[in-house]
$ cat structure.txt   # compact mmCIF, C-alpha atoms
# COMPACT_ATOMS: atom_id res chain seq x y z
CA MET A 1 173.22 106.76 96.47
CA ARG A 2 174.35 104.12 98.94
CA ARG A 3 171.54 102.89 101.19
CA GLN A 4 171.84 103.00 104.94
CA ASN A 5 172.95 99.71 106.46
CA ASP A 6 170.59 98.77 109.29
CA SER A 7 171.05 95.18 110.40
CA SER A 8 169.03 95.76 113.58
CA VAL A 9 165.66 96.13 111.81
CA VAL A 10 162.74 95.58 114.19
CA GLU A 11 159.87 95.98 111.71
CA PHE A 12 159.06 96.27 108.02
CA ILE A 13 156.48 98.35 106.16
CA LEU A 14 154.35 96.40 103.69
CA LEU A 15 153.37 98.71 100.82
CA GLY A 16 150.89 96.37 99.12
CA PHE A 17 148.63 98.42 96.84
CA SER A 18 149.16 101.74 98.67
CA HIS A 19 149.90 103.41 95.32
CA LEU A 20 146.28 102.71 94.31
CA PRO A 21 144.33 104.30 97.20
CA GLU A 22 141.13 104.61 95.17
CA LEU A 23 141.05 100.83 94.63
CA GLN A 24 141.98 99.63 98.10
CA ALA A 25 138.41 99.44 99.46
CA HIS A 26 137.27 97.46 96.39
CA LEU A 27 140.29 95.16 96.60
CA PHE A 28 139.64 94.58 100.31
CA ARG A 29 136.05 93.46 99.66
CA ALA A 30 137.04 91.25 96.72
CA PHE A 31 139.95 89.60 98.55
CA LEU A 32 137.85 89.08 101.71
CA VAL A 33 135.12 87.29 99.72
CA ILE A 34 137.69 85.13 97.90
CA TYR A 35 139.44 84.28 101.18
CA LEU A 36 136.18 83.27 102.89
CA MET A 37 135.17 81.19 99.86
CA THR A 38 138.61 79.52 99.90
CA LEU A 39 138.31 78.63 103.59
CA THR A 40 134.73 77.39 103.19
CA GLY A 41 135.46 75.26 100.11
CA ASN A 42 138.53 73.62 101.59
CA ALA A 43 136.86 73.12 104.99
CA ILE A 44 133.96 71.31 103.30
CA ILE A 45 136.38 68.96 101.51
CA VAL A 46 138.32 68.16 104.71
CA THR A 47 135.10 67.56 106.68
CA VAL A 48 133.34 65.44 104.04
CA ILE A 49 136.36 63.17 103.52
CA PHE A 50 136.85 62.84 107.29
CA LEU A 51 133.20 61.87 107.90
CA ASP A 52 132.62 59.57 104.89
CA GLN A 53 134.37 56.21 105.35
CA SER A 54 134.03 55.37 101.64
CA LEU A 55 136.40 58.24 100.83
CA HIS A 56 139.20 56.95 103.07
CA ILE A 57 141.34 55.93 100.09
CA PRO A 58 144.63 57.51 98.87
CA MET A 59 143.03 59.68 96.16
CA TYR A 60 140.74 61.48 98.61
CA GLN A 61 143.22 61.51 101.49
CA PHE A 62 145.69 63.28 99.20
CA LEU A 63 142.90 65.72 98.34
CA GLN A 64 142.15 66.22 102.04
CA ASN A 65 145.80 67.10 102.71
CA LEU A 66 145.84 69.42 99.69
CA SER A 67 142.83 71.28 101.10
CA VAL A 68 144.59 71.69 104.46
CA VAL A 69 147.66 73.03 102.64
CA GLU A 70 145.59 75.38 100.43
CA ALA A 71 143.64 76.84 103.37
CA SER A 72 146.85 77.24 105.40
CA PHE A 73 148.77 78.76 102.48
CA SER A 74 146.00 81.30 101.91
CA THR A 75 145.84 82.07 105.65
CA ALA A 76 149.60 82.72 105.74
CA ILE A 77 149.08 85.59 103.27
CA MET A 78 145.51 86.86 103.15
CA PRO A 79 144.82 88.17 106.71
CA GLU A 80 147.98 90.31 106.65
CA MET A 81 147.14 91.52 103.14
CA LEU A 82 143.65 92.56 104.29
CA VAL A 83 145.24 94.52 107.15
CA VAL A 84 147.57 96.23 104.66
CA LEU A 85 144.58 97.23 102.51
CA THR A 86 142.86 98.91 105.46
CA SER A 87 145.93 100.70 106.86
CA THR A 88 147.64 103.88 105.77
CA LYS A 89 150.94 102.49 107.06
CA ALA A 90 150.93 98.73 107.53
CA THR A 91 153.86 97.45 109.56
CA ILE A 92 154.92 93.90 110.32
CA SER A 93 157.46 92.99 112.97
CA PHE A 94 160.77 91.33 112.12
CA GLY A 95 159.55 88.11 113.79
CA GLY A 96 156.16 88.37 112.07
CA CYS A 97 157.83 88.75 108.67
CA PHE A 98 160.08 85.75 109.43
CA ALA A 99 157.03 83.67 110.42
CA GLN A 100 155.04 84.69 107.34
CA MET A 101 157.89 83.81 104.97
CA TYR A 102 158.41 80.51 106.77
CA PHE A 103 154.76 79.44 106.42
CA ILE A 104 154.50 80.62 102.80
CA LEU A 105 157.51 78.45 101.92
CA LEU A 106 156.32 75.56 104.11
CA PHE A 107 152.85 75.30 102.57
CA GLY A 108 153.99 76.31 99.08
CA GLY A 109 156.78 73.71 99.06
CA THR A 110 154.49 71.02 100.49
CA GLU A 111 151.92 71.76 97.79
CA CYS A 112 154.54 71.37 95.05
CA PHE A 113 155.37 67.83 96.20
CA LEU A 114 151.77 66.96 97.08
CA LEU A 115 150.49 67.82 93.59
CA GLY A 116 153.24 65.59 92.16
CA ALA A 117 152.19 62.72 94.44
CA MET A 118 148.53 63.20 93.43
CA ALA A 119 149.45 63.06 89.73
CA TYR A 120 151.35 59.80 90.34
CA ASP A 121 148.32 58.42 92.19
CA ARG A 122 146.03 59.25 89.21
CA PHE A 123 148.58 57.76 86.79
CA ALA A 124 148.63 54.49 88.77
CA ALA A 125 144.82 54.38 89.04
CA ILE A 126 144.10 55.08 85.35
CA CYS A 127 147.05 53.41 83.61
CA HIS A 128 147.38 50.38 85.94
CA PRO A 129 143.90 49.87 87.45
CA LEU A 130 144.36 46.16 88.24
CA SER A 131 147.61 46.61 90.14
CA TYR A 132 146.64 49.99 91.66
CA PRO A 133 145.89 48.60 95.17
CA VAL A 134 149.44 47.16 95.26
CA ILE A 135 151.15 50.21 93.72
CA MET A 136 149.35 52.70 95.98
CA ASN A 137 149.01 50.75 99.21
CA LYS A 138 148.75 52.38 102.63
CA ARG A 139 152.50 52.25 103.19
CA VAL A 140 153.34 53.95 99.86
CA PHE A 141 150.63 56.56 100.46
CA MET A 142 152.02 57.43 103.91
CA LYS A 143 155.59 57.65 102.56
CA LEU A 144 154.54 60.07 99.79
CA LEU A 145 152.50 62.15 102.24
CA ILE A 146 155.21 62.35 104.92
CA CYS A 147 157.91 63.12 102.32
CA SER A 148 155.79 65.99 100.94
CA TRP A 149 155.40 67.59 104.37
CA ILE A 150 159.02 67.00 105.44
CA SER A 151 160.28 68.48 102.16
CA GLY A 152 158.15 71.59 102.73
CA ILE A 153 159.50 71.98 106.27
CA MET A 154 163.11 71.60 105.09
CA VAL A 155 162.70 74.15 102.29
CA ALA A 156 161.07 76.67 104.66
CA THR A 157 163.66 76.21 107.41
CA VAL A 158 166.74 76.53 105.19
CA GLN A 159 165.51 79.41 103.02
CA THR A 160 163.90 81.56 105.74
CA THR A 161 166.85 81.20 108.11
CA TRP A 162 169.30 82.06 105.34
CA VAL A 163 167.38 85.16 104.16
CA PHE A 164 167.02 86.58 107.68
CA SER A 165 170.70 86.01 108.45
CA PHE A 166 171.55 88.82 105.99
CA PRO A 167 171.89 92.46 107.10
CA PHE A 168 169.06 94.71 105.88
CA CYS A 169 169.18 98.24 104.45
CA GLY A 170 166.85 101.08 105.32
CA PRO A 171 164.21 102.23 104.71
CA SER A 172 162.57 98.88 105.50
CA LYS A 173 159.75 99.14 102.94
CA ILE A 174 158.68 95.89 101.29
CA ASN A 175 157.03 96.76 97.97
CA HIS A 176 154.89 93.64 97.92
CA ILE A 177 151.71 92.13 99.39
CA SER A 178 153.56 89.84 101.82
CA CYS A 179 157.01 88.88 103.16
CA GLU A 180 157.89 86.65 100.22
CA THR A 181 161.55 85.85 99.63
CA PRO A 182 162.15 87.97 96.48
CA ALA A 183 160.57 91.08 98.03
CA VAL A 184 162.49 90.81 101.31
CA LEU A 185 165.73 90.02 99.47
CA GLU A 186 165.59 93.45 97.79
CA LEU A 187 166.27 95.05 101.19
CA VAL A 188 169.42 93.02 101.83
CA CYS A 189 172.70 94.97 101.72
CA ALA A 190 175.08 92.03 101.27
CA ASP A 191 176.21 89.81 98.44
CA THR A 192 173.38 87.35 97.75
CA PHE A 193 175.00 85.57 94.81
CA LEU A 194 175.29 82.20 96.61
CA PHE A 195 171.71 82.46 97.84
CA GLU A 196 170.48 83.21 94.31
CA ILE A 197 172.29 80.10 93.02
CA TYR A 198 170.64 78.09 95.81
CA ALA A 199 167.23 79.65 95.01
CA PHE A 200 167.60 78.84 91.31
CA THR A 201 168.71 75.25 91.99
CA GLY A 202 166.10 74.79 94.71
CA THR A 203 163.31 76.05 92.46
CA ILE A 204 164.38 73.63 89.72
CA LEU A 205 164.25 70.70 92.18
CA ILE A 206 161.19 71.77 94.19
CA VAL A 207 159.03 73.29 91.47
CA MET A 208 160.22 72.21 88.02
CA VAL A 209 160.90 68.52 88.77
CA PRO A 210 157.43 67.83 90.29
CA PHE A 211 155.84 69.87 87.48
CA LEU A 212 157.62 67.82 84.80
CA LEU A 213 156.62 64.59 86.58
CA ILE A 214 153.02 65.81 86.60
CA LEU A 215 153.17 66.56 82.87
CA LEU A 216 154.70 63.12 82.25
CA SER A 217 152.01 61.42 84.35
CA TYR A 218 149.23 63.23 82.52
CA THR A 219 150.80 62.39 79.15
CA TRP A 220 150.54 58.68 79.99
CA ILE A 221 147.03 59.25 81.37
CA LEU A 222 145.96 60.91 78.10
CA PHE A 223 147.34 57.94 76.12
CA ALA A 224 145.28 55.65 78.36
CA ILE A 225 142.19 57.83 77.83
CA LEU A 226 142.57 57.65 74.06
CA LYS A 227 142.27 53.86 74.31
CA MET A 228 138.91 54.09 76.08
CA PRO A 229 136.09 52.61 73.99
CA SER A 230 133.45 55.08 75.23
CA SER A 231 133.50 58.58 73.71
CA THR A 232 131.59 59.90 76.76
CA GLY A 233 134.25 58.48 79.08
CA ARG A 234 137.00 60.01 76.95
CA GLN A 235 135.32 63.41 76.93
CA LYS A 236 134.83 63.39 80.72
CA ALA A 237 138.41 62.26 81.38
CA PHE A 238 139.81 64.89 78.98
CA SER A 239 137.75 67.59 80.70
CA THR A 240 138.99 66.52 84.15
CA CYS A 241 142.64 66.32 83.03
CA ALA A 242 142.41 69.74 81.34
CA SER A 243 141.04 71.39 84.51
CA HIS A 244 143.71 69.73 86.68
CA LEU A 245 146.49 70.82 84.32
CA THR A 246 145.13 74.39 84.18
CA SER A 247 145.31 74.68 87.97
CA VAL A 248 148.73 73.03 88.17
CA THR A 249 150.17 75.21 85.38
CA LEU A 250 148.85 78.38 87.06
CA PHE A 251 150.45 77.42 90.38
CA TYR A 252 153.80 76.10 89.10
CA GLY A 253 154.15 78.66 86.30
CA THR A 254 153.78 81.75 88.47
CA ALA A 255 155.86 80.17 91.28
CA CYS A 256 158.69 79.49 88.80
CA MET A 257 158.58 83.05 87.46
CA THR A 258 158.78 84.39 91.03
CA TYR A 259 161.41 82.13 92.58
CA LEU A 260 163.74 81.13 89.72
CA GLN A 261 165.17 84.66 89.80
CA PRO A 262 164.65 86.16 93.27
CA LYS A 263 166.08 89.50 92.10
CA SER A 264 164.33 89.55 88.73
CA ARG A 265 163.58 92.72 86.80
CA TYR A 266 159.81 92.31 86.76
CA SER A 267 157.98 95.46 87.88
CA PRO A 268 156.62 95.43 91.48
CA ASP A 269 153.03 95.34 90.17
CA THR A 270 153.81 92.33 87.95
CA LYS A 271 155.33 90.51 90.95
CA LYS A 272 152.24 91.28 93.02
CA LEU A 273 149.93 89.91 90.32
CA MET A 274 152.03 86.74 89.98
CA SER A 275 151.92 86.29 93.74
CA LEU A 276 148.13 86.71 93.74
CA ALA A 277 147.83 84.02 91.06
CA TYR A 278 149.27 81.26 93.26
CA SER A 279 148.27 82.63 96.68
CA LEU A 280 144.71 83.73 95.88
CA LEU A 281 143.41 81.97 92.77
CA THR A 282 144.91 78.49 93.15
CA PRO A 283 143.59 77.87 96.71
CA LEU A 284 140.15 79.02 95.49
CA LEU A 285 140.12 77.01 92.25
CA ASN A 286 141.48 73.69 93.52
CA PRO A 287 138.41 72.80 95.67
CA LEU A 288 136.20 73.53 92.65
CA ILE A 289 138.39 71.62 90.20
CA TYR A 290 139.17 68.57 92.32
CA SER A 291 135.81 68.20 94.06
CA LEU A 292 132.83 69.68 92.21
CA ARG A 293 133.85 67.73 89.10
CA ASN A 294 134.09 64.52 91.16
CA LYS A 295 130.99 62.34 91.30
CA GLU A 296 131.94 60.55 94.54
CA MET A 297 132.62 63.83 96.35
CA LYS A 298 129.30 65.28 95.22
CA LYS A 299 127.49 62.12 96.38
CA ALA A 300 129.23 62.31 99.76
CA VAL A 301 128.26 65.98 100.21
CA VAL A 302 124.62 65.24 99.32
CA LYS A 303 124.57 62.22 101.66
CA LEU A 304 125.94 64.22 104.58
CA TRP A 305 123.50 67.06 103.89
CA GLU A 306 120.54 64.64 103.80
CA ARG A 307 121.75 63.10 107.07
CA LYS A 308 121.94 66.55 108.67
CA VAL A 309 118.44 67.47 107.44
CA ALA A 310 117.06 64.15 108.73
CA LEU A 311 118.55 64.78 112.19
CA HIS A 312 116.98 68.25 112.35
CA THR A 313 113.52 66.97 111.34
CA MET A 314 113.49 64.16 113.92
$ encode --input "structure.txt" --output "structure tokens"
Amino acid sequence: MRRQNDSSVVEFILLGFSHLPELQAHLFRAFLVIYLMTLTGNAIIVTVIFLDQSLHIPMYQFLQNLSVVEASFSTAIMPEMLVVLTSTKATISFGGCFAQMYFILLFGGTECFLLGAMAYDRFAAICHPLSYPVIMNKRVFMKLLICSWISGIMVATVQTTWVFSFPFCGPSKINHISCETPAVLELVCADTFLFEIYAFTGTILIVMVPFLLILLSYTWILFAILKMPSSTGRQKAFSTCASHLTSVTLFYGTACMTYLQPKSRYSPDTKKLMSLAYSLLTPLLNPLIYSLRNKEMKKAVVKLWERKVALHTM
């Protein structure tokens, strides 16, 4: 049956996990705890790096920006998802849906490029330690950082504007946890072939290229690690690289599966789980992976805590 064409949509209905009413209360509590942990972990990283002058080097400034992106990315999705889990009929305005998609793409795209820049930074530091200060000077760092953010803004602006220029079909029910591009695109009643070509090409350039550069960087890093004389140093470096690659693969892998084919045939529940992987787990895991396994970060946290305790006991 042909769907009703309604290009003057004023709001959408987010279905989320409404088909699992018995689980919604449990999901709400779990997602709320994860979201608060994500905000706390990333806020600690941003604060510690800002306050400790010894951490004002490219490696930690990249990490600081990543934490801002992770917290913002999670905030673009999680509050609305928590509202959906507590509502019998969760609606989001046309403008609200546009804004949510824009910020998901902005922070998601920025993270793709930022993770690539961080991998290049680690490659330069481990494989070329003597020339690292020249390779990753302040000017190069700023260029990589600005390019990451500008790329994210460009991706978000082009894709969101294009999607919302299409006419939509009723009923305006989005069978997803948020206004992500593939879910909203299912409501479009126009030919989206050109957009799907753009989405495929864009995903290759924005997601696959940085991911392949990361894999290449870590391949060279692993070769450098194998040349280390100390077995303890090798074991520690392998452990760190493995945890970084696990996080990166989770983020890029699920993002590729979602965006390479915007109108894919995955079931709605599968799409929701993939979305949760990069919107819920990655922002939570990255502070743990990039910071708790880092000796300098742990020292900085302890130092700041001791300073705070000393001020209170004076």
$ residues_around --input "structure.txt" --residues "Ser74 of chain A" --least-positions-apart "5" --cutoff "8 Å" --atoms "only C-alpha atoms" --output "JSON, numbers by chain"
{"A": [35, 38, 279, 280, 283]}
$ write_last_selection --input "structure.txt" --atoms "C-alpha atoms" --output "short mmCIF file (atom, residue, chain, number, x, y, z; two decimals), in the coordinates of the input"
data_model
loop_
_atom_site.label_atom_id
_atom_site.label_comp_id
_atom_site.auth_asym_id
_atom_site.auth_seq_id
_atom_site.Cartn_x
_atom_site.Cartn_y
_atom_site.Cartn_z
CA TYR A 35 139.44 84.28 101.18
CA THR A 38 138.61 79.52 99.90
CA SER A 279 148.27 82.63 96.68
CA LEU A 280 144.71 83.73 95.88
CA PRO A 283 143.59 77.87 96.71
#
$ closest_residue --input "structure.txt" --among "A:Val207, A:Val158, A:Ile126, A:Ile92" --to "Leu114 of chain A" --atoms "all atoms listed in the file"
A:Val207
$ closest_residue --input "structure.txt" --among "A:Pro21, A:Val155, A:Glu180, A:Lys295" --to "Phe98 of chain A" --atoms "only C-alpha atoms"
A:Glu180
$ closest_residue --input "structure.txt" --among "A:Val48, A:Met118, A:Ile289, A:Met101" --to "Val302 of chain A" --atoms "all atoms listed in the file"
A:Val48
$ residues_near_point --input "structure.txt" --point "(153.7, 85.3, 88.5)" --cutoff "12 Å" --atoms "all atoms listed in the file" --output "VMD selection string"
chain A and resid 182 249 to 262 264 266 to 281
$ closest_residue --input "structure.txt" --among "A:Val134, A:Ala25, A:Val69, A:Ala300" --to "Asp52 of chain A" --atoms "all atoms listed in the file"
A:Ala300
$ closest_residue --input "structure.txt" --among "A:Tyr290, A:Phe168, A:Phe223, A:Phe211" --to "Phe94 of chain A" --atoms "all atoms listed in the file"
A:Phe168
$ closest_residue --input "structure.txt" --among "A:Phe17, A:Phe107, A:Phe50, A:Phe200" --to "Val83 of chain A" --atoms "all atoms listed in the file"
A:Phe17
$ residues_around --input "structure.txt" --residues "Phe73 of chain A" --least-positions-apart "3" --cutoff "10 Å" --atoms "all atoms listed in the file" --output "count of residues only"
20
$ atom_distance --input "structure.txt" --atom1 "atom CA of Ala119 of chain A" --atom2 "atom CA of Ala71 of chain A"
20.2 Å
$ atom_distance --input "structure.txt" --atom1 "atom CA of Leu39 of chain A" --atom2 "atom CA of Gln159 of chain A"
27.2 Å
$ atom_distance --input "structure.txt" --atom1 "atom CA of Val9 of chain A" --atom2 "atom CA of Glu80 of chain A"
19.3 Å
$ residues_around --input "structure.txt" --residues "Ala224 of chain A" --least-positions-apart "6" --cutoff "12 Å" --atoms "only C-alpha atoms" --output "ChimeraX atom specification"
/A:122-129,217-218,233-234,237-238,241
$ residues_around --input "structure.txt" --residues "His56 of chain A" --least-positions-apart "4" --cutoff "12 Å" --atoms "only C-alpha atoms" --output "compact mmCIF listing (two decimals) with C-alpha atoms, keeping the file's coordinate frame"
# COMPACT_ATOMS: atom_id res chain seq x y z
CA VAL A 46 138.32 68.16 104.71
CA THR A 47 135.10 67.56 106.68
CA VAL A 48 133.34 65.44 104.04
CA ILE A 49 136.36 63.17 103.52
CA PHE A 50 136.85 62.84 107.29
CA LEU A 51 133.20 61.87 107.90
CA ASP A 52 132.62 59.57 104.89
CA TYR A 60 140.74 61.48 98.61
CA GLN A 61 143.22 61.51 101.49
CA PHE A 62 145.69 63.28 99.20
CA LEU A 63 142.90 65.72 98.34
CA GLN A 64 142.15 66.22 102.04
CA LYS A 138 148.75 52.38 102.63
CA PHE A 141 150.63 56.56 100.46
CA GLU A 296 131.94 60.55 94.54
CA MET A 297 132.62 63.83 96.35
CA ALA A 300 129.23 62.31 99.76
